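Text of coords-v7.csv (CSV, C-alpha atoms) as supplied:
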chain,number,residue,atom,x,y,z
A,61,MET,CA,120.7,93.6,94.0
A,62,GLY,CA,121.9,95.3,90.8
A,63,GLY,CA,120.0,98.1,89.5
A,64,CYS,CA,116.2,98.5,90.0
A,65,ARG,CA,115.0,102.0,89.9
A,66,VAL,CA,113.5,103.2,93.3
A,67,LEU,CA,110.0,104.3,92.4
A,68,GLY,CA,109.0,105.2,96.0
A,69,GLN,CA,109.2,103.8,99.4
A,70,ALA,CA,106.6,101.2,100.3
A,71,SER,CA,104.9,100.9,103.6
A,72,GLY,CA,104.1,97.6,105.2
A,73,GLY,CA,100.5,97.8,104.1
A,74,TRP,CA,98.7,99.8,101.4
A,75,ARG,CA,100.7,102.1,99.2
A,76,ARG,CA,98.9,105.5,99.2
A,77,GLY,CA,98.9,107.8,96.2
A,78,LEU,CA,99.2,105.2,93.4
A,79,GLY,CA,98.2,107.8,91.0
A,80,ILE,CA,95.5,105.8,89.4
A,81,ARG,CA,93.1,108.0,87.5
A,82,ALA,CA,91.0,107.5,84.5
A,83,THR,CA,92.6,109.7,81.9
A,84,SER,CA,93.0,109.5,78.1
A,85,THR,CA,96.7,109.6,78.5
A,86,ALA,CA,97.0,106.5,80.6
A,87,ALA,CA,99.2,103.9,78.8
A,88,GLY,CA,98.0,100.5,77.9
A,89,PHE,CA,100.5,97.7,78.3
A,90,GLY,CA,102.9,100.1,76.7
A,91,THR,CA,102.1,102.8,74.1
A,92,LYS,CA,104.8,101.4,71.8
A,93,ALA,CA,103.3,97.9,72.2
A,94,ARG,CA,99.8,99.2,71.3
A,95,HIS,CA,101.2,100.9,68.2
A,96,GLN,CA,103.1,97.8,67.3
A,97,LEU,CA,99.9,95.7,67.4
A,98,GLN,CA,98.1,98.3,65.3
A,99,ARG,CA,100.9,98.3,62.7
A,100,ARG,CA,101.0,94.5,62.5
A,101,GLY,CA,97.2,94.3,62.2
A,102,ALA,CA,96.9,97.1,59.6
A,103,SER,CA,96.9,94.8,56.6
A,104,LYS,CA,94.1,92.6,58.1
A,105,PRO,CA,90.4,93.4,57.8
A,106,SER,CA,89.4,95.4,60.8
A,107,ASP,CA,86.2,95.3,62.9
A,108,PRO,CA,83.9,98.3,62.6
A,109,PRO,CA,85.1,101.1,64.8
A,110,GLY,CA,82.1,100.7,67.1
A,111,ASP,CA,83.1,97.1,67.7
A,112,GLN,CA,86.5,97.9,69.2
A,113,PRO,CA,85.8,98.9,72.8
A,114,PHE,CA,89.0,97.1,74.1
A,115,PRO,CA,91.9,98.7,72.3
A,116,GLY,CA,95.4,97.2,72.7
A,117,LEU,CA,94.3,93.6,73.5
A,118,LEU,CA,96.3,90.7,72.2
A,119,ARG,CA,94.2,88.3,70.2
A,120,PRO,CA,95.5,84.7,70.5
A,121,GLY,CA,96.4,83.2,67.2
A,122,THR,CA,96.6,86.4,65.3
A,123,PHE,CA,100.3,87.1,65.7
A,124,SER,CA,103.6,85.3,65.2
A,125,ARG,CA,106.5,84.7,67.5
A,126,GLU,CA,108.4,87.6,66.0
A,127,GLU,CA,105.4,89.9,66.5
A,128,LEU,CA,105.0,88.8,70.1
A,129,VAL,CA,108.7,89.5,70.8
A,130,ASP,CA,108.2,93.0,69.3
A,131,VAL,CA,105.2,93.6,71.6
A,132,LEU,CA,107.0,92.4,74.7
A,133,ARG,CA,110.1,94.5,73.9
A,134,ALA,CA,108.0,97.6,73.6
A,135,ALA,CA,106.2,96.7,76.8
A,136,VAL,CA,109.4,97.0,78.9
A,137,VAL,CA,108.7,99.6,81.7
A,138,ASP,CA,112.0,99.3,83.7
A,139,ARG,CA,115.4,97.9,83.1
A,140,LYS,CA,118.4,98.1,85.4
A,141,GLY,CA,121.2,95.7,86.0
A,142,PRO,CA,120.0,92.1,85.6
A,143,LEU,CA,116.4,92.9,86.1
A,144,VAL,CA,113.9,93.6,83.3
A,145,THR,CA,110.3,94.6,84.1
A,146,LEU,CA,107.5,94.1,81.5
A,147,ASN,CA,103.9,95.3,81.6
A,148,LYS,CA,102.3,92.0,80.3
A,149,PRO,CA,99.1,92.3,78.2
A,150,GLN,CA,96.0,90.6,79.4
A,151,GLY,CA,95.5,87.1,78.0
A,152,LEU,CA,99.1,86.2,77.4
A,153,PRO,CA,100.0,83.0,79.3
A,154,VAL,CA,103.4,82.7,81.0
A,155,THR,CA,103.6,79.0,80.6
A,156,GLY,CA,101.7,76.5,78.5
A,157,LYS,CA,101.8,73.2,76.6
A,158,PRO,CA,104.6,72.4,74.2
A,159,GLY,CA,104.1,74.3,71.0
A,160,GLU,CA,101.9,77.0,72.5
A,161,LEU,CA,102.9,80.7,72.2
A,162,THR,CA,103.7,81.8,75.7
A,163,LEU,CA,106.0,84.3,77.5
A,164,LEU,CA,108.4,81.4,78.4
A,165,SER,CA,108.5,80.1,74.8
A,166,VAL,CA,109.8,83.4,73.4
A,167,LEU,CA,112.2,84.3,76.3
A,168,PRO,CA,115.3,83.3,74.2
A,169,GLU,CA,114.3,85.6,71.3
A,170,LEU,CA,113.3,88.4,73.8
A,171,SER,CA,116.6,88.1,75.5
A,172,ARG,CA,118.5,88.6,72.2
A,173,SER,CA,116.2,91.4,71.2
A,174,LEU,CA,117.0,93.2,74.5
A,175,GLY,CA,120.7,92.9,73.8
A,176,LEU,CA,121.4,90.3,76.5
A,177,GLY,CA,122.9,87.9,74.0
A,178,GLU,CA,122.7,84.2,75.1
A,179,GLN,CA,122.2,85.0,78.8
A,180,GLU,CA,119.5,82.9,80.2
A,181,VAL,CA,116.6,85.0,81.4
A,182,GLN,CA,114.1,83.6,83.9
A,183,VAL,CA,110.7,84.7,85.2
A,184,VAL,CA,110.9,85.8,88.8
A,185,ARG,CA,107.3,87.0,89.3
A,186,ALA,CA,104.4,87.4,86.9
A,187,SER,CA,100.7,88.1,86.7
A,188,GLY,CA,98.6,85.1,85.5
A,189,LYS,CA,97.3,84.6,82.0
A,190,GLU,CA,94.0,86.4,82.4
A,191,ALA,CA,95.5,89.3,84.4
A,192,SER,CA,97.6,92.1,83.0
A,193,GLY,CA,100.5,93.8,84.6
A,194,LEU,CA,104.0,93.3,85.9
A,195,VAL,CA,106.4,90.6,84.9
A,196,LEU,CA,109.8,90.6,86.6
A,197,LEU,CA,112.6,88.9,84.7
A,198,SER,CA,116.2,88.4,85.7
A,199,SER,CA,119.3,87.4,83.7
A,200,CYS,CA,121.3,86.8,86.9
A,201,PRO,CA,120.6,83.5,88.7
A,202,GLN,CA,121.8,84.9,92.1
A,203,THR,CA,119.5,87.9,91.9
A,204,ALA,CA,116.6,85.7,90.9
A,205,SER,CA,117.3,83.3,93.8
A,206,ARG,CA,117.5,86.2,96.3
A,207,LEU,CA,114.2,87.7,95.1
A,208,GLN,CA,112.5,84.3,95.2
A,209,LYS,CA,113.6,83.9,98.8
A,210,PHE,CA,112.4,87.4,99.6
A,211,PHE,CA,108.9,86.6,98.2
A,212,THR,CA,108.8,83.3,100.1
A,213,HIS,CA,109.8,85.0,103.4
A,214,SER,CA,107.3,87.8,102.9
A,215,ARG,CA,104.4,85.3,102.3
A,216,ARG,CA,105.4,83.4,105.5
A,217,ALA,CA,105.5,86.7,107.4
A,218,ARG,CA,102.1,87.8,105.9
A,219,LYS,CA,103.7,90.9,104.3
A,220,PRO,CA,102.2,91.8,101.0
A,221,THR,CA,104.6,92.3,98.0
A,222,ALA,CA,102.1,92.6,95.2
A,223,THR,CA,99.2,95.0,94.7
A,224,TYR,CA,96.6,94.4,92.1
A,225,CYS,CA,94.0,96.9,90.8
A,226,ALA,CA,90.5,95.5,90.0
A,227,VAL,CA,87.2,96.8,88.9
A,228,THR,CA,84.3,94.8,90.5
A,229,ASP,CA,80.7,94.4,89.5
A,230,GLY,CA,79.3,95.3,92.9
A,231,ILE,CA,80.6,97.1,95.9
A,232,PRO,CA,82.1,95.3,98.9
A,233,VAL,CA,80.1,95.8,102.1
A,234,THR,CA,83.2,97.1,104.0
A,235,SER,CA,85.7,99.6,102.5
A,236,GLU,CA,88.7,97.5,103.7
A,237,GLY,CA,89.3,94.1,105.1
A,238,LYS,CA,90.6,90.6,104.6
A,239,ILE,CA,89.2,87.6,102.7
A,240,GLN,CA,89.9,84.1,104.1
A,241,ALA,CA,88.8,81.0,102.3
A,242,ALA,CA,89.9,77.4,102.0
A,243,LEU,CA,90.2,76.6,98.3
A,244,LYS,CA,90.9,73.5,96.1
A,245,LEU,CA,91.3,72.8,92.5
A,246,GLU,CA,88.8,70.4,90.9
A,247,HIS,CA,88.7,69.1,87.3
A,248,ILE,CA,85.1,69.8,86.2
A,249,ASP,CA,83.9,69.1,82.7
A,250,GLY,CA,87.4,69.2,81.4
A,251,VAL,CA,88.3,72.5,83.1
A,252,ASN,CA,90.3,73.1,86.3
A,253,LEU,CA,88.2,75.2,88.6
A,254,VAL,CA,88.8,76.7,92.0
A,255,VAL,CA,86.2,75.5,94.6
A,256,PRO,CA,85.7,76.8,98.1
A,257,VAL,CA,85.8,74.3,100.9
A,258,GLN,CA,83.8,74.9,104.1
A,259,SER,CA,85.6,73.9,107.4
A,260,PRO,CA,88.4,71.9,105.8
A,261,SER,CA,89.6,68.9,107.8
A,262,ARG,CA,93.2,67.8,108.2
A,263,LYS,CA,92.6,65.2,105.5
A,264,ASP,CA,91.4,68.0,103.1
A,265,ILE,CA,94.6,69.9,103.7
A,266,MET,CA,96.6,66.9,103.0
A,267,GLU,CA,94.7,66.3,99.8
A,268,GLY,CA,95.4,69.8,98.3
A,269,VAL,CA,92.9,72.1,100.0
A,270,LYS,CA,94.7,75.4,100.9
A,271,ARG,CA,93.8,78.2,103.3
A,272,THR,CA,94.1,81.4,101.4
A,273,LEU,CA,94.2,85.0,102.4
A,274,SER,CA,93.9,88.4,100.6
A,275,HIS,CA,93.6,92.0,101.8
A,276,PHE,CA,91.3,94.4,99.9
A,277,ARG,CA,90.7,98.1,100.0
A,278,VAL,CA,88.0,100.0,98.1
A,279,VAL,CA,89.5,103.0,96.4
A,280,ALA,CA,86.4,104.4,94.6
A,281,THR,CA,82.8,103.5,93.9
A,282,GLY,CA,80.3,104.5,91.2
A,283,SER,CA,77.6,103.1,89.0
A,284,GLY,CA,77.3,100.0,91.3
A,285,CYS,CA,81.0,99.1,90.7
A,286,ALA,CA,84.2,99.6,92.6
A,287,LEU,CA,87.8,100.2,92.0
A,288,VAL,CA,89.6,97.9,94.5
A,289,GLN,CA,93.2,97.3,95.5
A,290,LEU,CA,93.9,93.6,96.2
A,291,GLN,CA,96.9,92.1,98.0
A,292,PRO,CA,97.2,88.3,98.0
A,293,LEU,CA,99.1,87.0,101.0
A,294,THR,CA,99.0,83.4,99.7
A,295,VAL,CA,99.5,81.9,96.3
A,296,PHE,CA,96.7,79.9,94.6
A,297,PRO,CA,95.4,79.8,91.0
A,298,SER,CA,92.7,82.4,90.4
A,299,GLN,CA,92.7,83.3,94.1
A,300,LEU,CA,91.7,86.9,93.7
A,301,GLN,CA,88.8,86.1,91.3
A,302,ALA,CA,87.5,83.4,93.6
A,303,HIS,CA,87.8,85.7,96.6
A,304,MET,CA,85.9,88.5,95.0
A,305,ALA,CA,83.1,86.2,93.9
A,306,LEU,CA,82.8,85.0,97.5
A,307,GLN,CA,82.3,88.7,98.4
A,308,LEU,CA,79.5,88.8,95.9
A,309,CYS,CA,81.5,91.4,93.8
A,310,PRO,CA,83.0,89.5,90.9
A,311,VAL,CA,85.8,91.1,88.9
A,312,LEU,CA,84.6,92.8,85.8
A,313,GLY,CA,85.3,90.5,82.8
A,314,ASP,CA,85.5,87.3,85.0
A,315,HIS,CA,83.8,84.9,82.7
A,316,THR,CA,84.5,81.9,85.0
A,317,TYR,CA,83.6,82.7,88.6
A,318,SER,CA,81.0,85.5,88.2
A,319,ALA,CA,78.4,82.9,87.4
A,320,ARG,CA,78.5,81.8,91.1
A,321,VAL,CA,76.8,85.1,92.1
A,322,GLY,CA,73.0,85.2,91.7
A,323,THR,CA,70.6,88.0,92.1
A,324,VAL,CA,66.9,88.0,93.2
A,325,LEU,CA,65.0,91.3,93.7
A,326,GLY,CA,68.3,93.2,93.8
A,327,GLN,CA,69.8,91.0,96.5
A,328,ARG,CA,72.9,89.0,95.7
A,329,PHE,CA,73.7,85.5,96.9
A,330,LEU,CA,76.1,82.7,96.2
A,331,LEU,CA,74.9,79.8,94.0
A,332,PRO,CA,75.9,76.2,94.8
A,333,VAL,CA,79.2,75.6,93.1
A,334,GLU,CA,78.2,72.0,92.1
A,335,SER,CA,75.4,73.3,90.0
A,336,THR,CA,77.0,76.4,88.6
A,337,LYS,CA,79.1,76.1,85.4
A,338,PRO,CA,81.3,78.9,84.1
A,339,GLN,CA,79.6,81.2,81.6
A,340,ARG,CA,80.0,84.6,80.1
A,341,GLN,CA,79.5,87.4,82.7
A,342,VAL,CA,76.0,88.9,82.6
A,343,LEU,CA,75.8,92.6,83.2
A,344,ASP,CA,72.6,94.5,83.7
A,345,GLU,CA,71.4,97.0,81.1
A,346,ALA,CA,72.3,100.1,83.2
A,347,LEU,CA,75.9,99.0,83.5
A,348,LEU,CA,76.1,98.0,79.8
A,349,GLY,CA,74.9,101.5,79.1
A,350,ARG,CA,77.5,103.2,81.3
A,351,LEU,CA,80.2,101.1,79.6
A,352,CYS,CA,78.8,101.9,76.1
A,353,LEU,CA,78.8,98.1,75.3
A,354,THR,CA,76.4,95.8,73.6
A,355,ALA,CA,75.7,92.4,75.1
A,356,SER,CA,77.9,90.8,72.5
A,357,GLN,CA,80.8,93.1,73.2
A,358,ALA,CA,80.4,92.5,77.0
A,359,ALA,CA,80.8,88.8,76.3
A,360,ARG,CA,84.4,89.6,75.2
A,361,LEU,CA,85.1,92.0,78.1
A,362,PRO,CA,88.6,91.4,79.4
A,363,LEU,CA,89.3,90.6,83.0
A,364,HIS,CA,89.9,93.9,84.8
A,365,LEU,CA,92.6,92.6,87.1
A,366,HIS,CA,96.0,94.3,86.8
A,367,LEU,CA,99.2,93.6,88.8
A,368,HIS,CA,100.1,97.3,89.3
A,369,CYS,CA,102.8,97.3,91.9
A,370,LEU,CA,105.6,94.9,93.1
A,371,ARG,CA,107.5,95.6,96.3
A,372,LEU,CA,111.1,94.4,96.3
A,373,PRO,CA,113.9,94.6,98.8
A,374,GLY,CA,116.5,97.4,98.7
A,375,ALA,CA,120.0,96.7,97.4
A,376,ARG,CA,121.3,96.6,101.0
A,377,PRO,CA,119.5,95.4,104.2
A,378,ARG,CA,118.9,99.0,105.5
A,379,ASP,CA,117.9,100.4,102.2
A,380,PRO,CA,114.2,101.4,101.7
A,381,PRO,CA,112.1,99.0,99.7
A,382,ILE,CA,111.8,99.4,95.9
A,383,GLU,CA,108.5,99.6,94.1
A,384,LEU,CA,108.0,98.7,90.4
A,385,LEU,CA,104.9,100.1,88.8
A,386,ALA,CA,103.0,99.2,85.6
A,387,PRO,CA,100.4,101.6,84.1
A,388,LEU,CA,96.9,100.5,83.7
A,389,PRO,CA,95.8,99.0,80.3
A,390,SER,CA,94.0,101.4,78.0
A,391,TYR,CA,90.7,99.4,78.2
A,392,PHE,CA,90.9,99.5,82.0
A,393,SER,CA,91.3,103.3,82.0
A,394,ARG,CA,88.4,103.5,79.5
A,395,THR,CA,86.2,101.6,82.0
A,396,LEU,CA,87.2,103.9,84.8
A,397,GLN,CA,86.2,106.9,82.7
A,398,CYS,CA,82.9,105.3,81.8
A,399,LEU,CA,82.0,104.5,85.4
A,400,GLY,CA,83.3,107.8,86.8
A,401,LEU,CA,85.8,106.1,89.1
A,402,HIS,CA,88.6,108.4,90.1
A,403,TYR,CA,91.4,108.0,92.6
A,404,GLN,CA,93.1,111.2,93.8

Hey, can you dump this file as structure tokens for me?
Amino acid sequence: MGGCRVLGQASGGWRRGLGIRATSTAAGFGTKARHQLQRRGASKPSDPPGDQPFPGLLRPGTFSREELVDVLRAAVVDRKGPLVTLNKPQGLPVTGKPGELTLLSVLPELSRSLGLGEQEVQVVRASGKEASGLVLLSSCPQTASRLQKFFTHSRRARKPTATYCAVTDGIPVTSEGKIQAALKLEHIDGVNLVVPVQSPSRKDIMEGVKRTLSHFRVVATGSGCALVQLQPLTVFPSQLQAHMALQLCPVLGDHTYSARVGTVLGQRFLLPVESTKPQRQVLDEALLGRLCLTASQAARLPLHLHLHCLRLPGARPRDPPIELLAPLPSYFSRTLQCLGLHYQ
């Protein structure tokens, strides 16, 4: 496989020493990309300084194709051989409806901007729309095919290849473990939602119910929240958000599945999915105070789920694995600082 930089040898399980720490120097989705957004938005009326607690976020509908290409070019974190690695900003969809501004829709322009000419670039692996983090692109079909086969084989062997960082509202009962749940997609009130299924039958499996599995490890705790590493071992839409909600610890900024967690007298419990509609995440006053947010600002809190590390095969069978890393977004680092969450 041509040219990915070896960032450190991966173990079969958790990667220790990820170097996640809340510091003011932590990059967002790319320092150049943040500055690019600031320059592009300089001529537009800005919000009051106190109403900008989430620096560096993309605001859908406020930028052109050319501006998005500039942001993505500045968000490149690694480039060797046919592989290009981006640190995708939160909220940018990879795919979408015809006419929508997505990563796929601007790949031809991005390819030319990166000096690849008319070479066709394809997405090999990417974080979802609401998550930030790594996107792996390839201009070589053979390399892309080899990597896809590696990811498929790893899933079947239950070997993790992706590690996400998340901040959760609530602290998991155990510091490390696995989450297993049967999930299905249901179209409810015009929205596709992930719904857990208890004791699925063979018929359920045939009709689209999938048994899903994720590993988690609590890295740090503070202020009733946790910094958690998550490794999905199956692929399902919004799997990690649904899994953490089932643990009664929804991801911070999850304005879809956090509503399924209720609280009475300080005790958390799962609400019936059938009677629980998605709504803006509700945070208690103490947490809002620690985050220095008003209730209206918290309603725009971005999802704190970041694809931080991808594990790839070495260039040759006996070579050590390769790891690609993406720094945390600046708003994510700000949250860690506010909550006193540190990882040594």

Report task. State, in Å with one decimal place, the distance from atom CA of A:Arg125 to atom CA of A:Val166. Result -> 6.9 Å

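Summary of the local environment: counting all atoms listed in the file, residues at most 7 Å from A:Ile231, other than itself and those fewer than 3 positions away along its chain, are Thr228, Gly284, Cys285, Ala286 and Cys309 of chain A.
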
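Atom pair atom CA of A:Gly237 / atom CA of A:Val195 has a distance of 26.7 Å (rounded to one decimal).
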
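Here atom CA of A:Met266 is placed at a distance of 19.1 Å from atom CA of A:Gln299.
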
At a cut-off of 10 Å around the point (114.6, 92.3, 96.3) (file coordinates), what residues fall inside when counting all atoms listed in the file? I'd like the answer as an mmCIF file with C-alpha atoms, keeping the file's coordinate frame.
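Result went into selection_21.cif, see below:
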data_model
loop_
_atom_site.group_PDB
_atom_site.id
_atom_site.type_symbol
_atom_site.label_atom_id
_atom_site.label_comp_id
_atom_site.auth_asym_id
_atom_site.auth_seq_id
_atom_site.Cartn_x
_atom_site.Cartn_y
_atom_site.Cartn_z
ATOM 1 C CA MET A 61 120.700 93.600 94.000
ATOM 2 C CA GLY A 62 121.900 95.300 90.800
ATOM 3 C CA CYS A 64 116.200 98.500 90.000
ATOM 4 C CA THR A 203 119.500 87.900 91.900
ATOM 5 C CA ALA A 204 116.600 85.700 90.900
ATOM 6 C CA SER A 205 117.300 83.300 93.800
ATOM 7 C CA ARG A 206 117.500 86.200 96.300
ATOM 8 C CA LEU A 207 114.200 87.700 95.100
ATOM 9 C CA GLN A 208 112.500 84.300 95.200
ATOM 10 C CA LYS A 209 113.600 83.900 98.800
ATOM 11 C CA PHE A 210 112.400 87.400 99.600
ATOM 12 C CA PHE A 211 108.900 86.600 98.200
ATOM 13 C CA LEU A 370 105.600 94.900 93.100
ATOM 14 C CA ARG A 371 107.500 95.600 96.300
ATOM 15 C CA LEU A 372 111.100 94.400 96.300
ATOM 16 C CA PRO A 373 113.900 94.600 98.800
ATOM 17 C CA GLY A 374 116.500 97.400 98.700
ATOM 18 C CA ALA A 375 120.000 96.700 97.400
ATOM 19 C CA ARG A 376 121.300 96.600 101.000
ATOM 20 C CA PRO A 377 119.500 95.400 104.200
ATOM 21 C CA PRO A 381 112.100 99.000 99.700
ATOM 22 C CA ILE A 382 111.800 99.400 95.900
ATOM 23 C CA GLU A 383 108.500 99.600 94.100
#

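Of the residues under consideration (A:Val137, A:Leu170, A:Leu348, A:Val342), A:Val342 shows the shortest atom-to-atom contact distance to A:Arg320 when counting all atoms listed in the file.
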
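Restricting the calculation to all atoms listed in the file, the smallest distance between A:Leu290 and any of A:Pro387, A:Pro220, A:Gly151, A:Pro142 is found for A:Pro220.
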
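Checking A:Val154, A:Val254, A:Ala191, A:Leu287 one by one against A:Pro362, counting all atoms listed in the file, you find the shortest gap at A:Ala191.
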
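Among the candidate residues A:Pro113, A:Pro332, A:Gly230, A:Pro310, the one lying nearest to A:Pro256 is A:Pro332, with distances computed using all atoms listed in the file.
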
With 3 Å added on each side, what axis-aligned box encloses every listed atom of stretch 308-320 of chain A? Give the centre and edge lengths in Å to one decimal, as lines of an AutoDock Vina configuration file.
center_x = 82.1
center_y = 87.3
center_z = 89.3
size_x = 13.4
size_y = 17.0
size_z = 19.2

Requested in this report: Considering all atoms listed in the file, return as a PyMOL selection string whatever protein or nucleic-acid residues lie within 8 Å of A:Val278, sequence-local ones (same chain, fewer than 5 positions apart) excluded.
Outcome: chain A and resi 232+235-236+286-289

Writer output for current selection, C-alpha atoms, as a CSV table (one decimal), in the coordinates of the input:
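Contents of the output file part_37.csv:
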chain,number,residue,atom,x,y,z
A,232,PRO,CA,82.1,95.3,98.9
A,235,SER,CA,85.7,99.6,102.5
A,236,GLU,CA,88.7,97.5,103.7
A,286,ALA,CA,84.2,99.6,92.6
A,287,LEU,CA,87.8,100.2,92.0
A,288,VAL,CA,89.6,97.9,94.5
A,289,GLN,CA,93.2,97.3,95.5

Query raised in the report: Counting only C-alpha atoms, what is within 6 Å of stretch 172-185 of chain A, bar same-chain residues fewer than 3 positions away, as a PyMOL selection string?
Result: chain A and resi 169+195-199

Would you mind exporting C-alpha atoms of the selected residues as a PDB file, in the frame of the given file?
ATOM      1  CA  GLU A 169     114.300  85.600  71.300  1.00  0.00           C
ATOM      2  CA  VAL A 195     106.400  90.600  84.900  1.00  0.00           C
ATOM      3  CA  LEU A 196     109.800  90.600  86.600  1.00  0.00           C
ATOM      4  CA  LEU A 197     112.600  88.900  84.700  1.00  0.00           C
ATOM      5  CA  SER A 198     116.200  88.400  85.700  1.00  0.00           C
ATOM      6  CA  SER A 199     119.300  87.400  83.700  1.00  0.00           C
TER       7      SER A 199
END

Requested in this report: Excluding A:His315 and any residue of its chain fewer than 5 positions from it, enumerate the residues within 9 Å of it, using only C-alpha atoms, and give them as a PyMOL selection string.
Outcome: chain A and resi 338-342+359-363

Report summary line: One residue among A:Leu161, A:Leu128, A:Leu396, A:Val255 is nearest to A:Val279 when using all atoms listed in the file, and that residue is A:Leu396
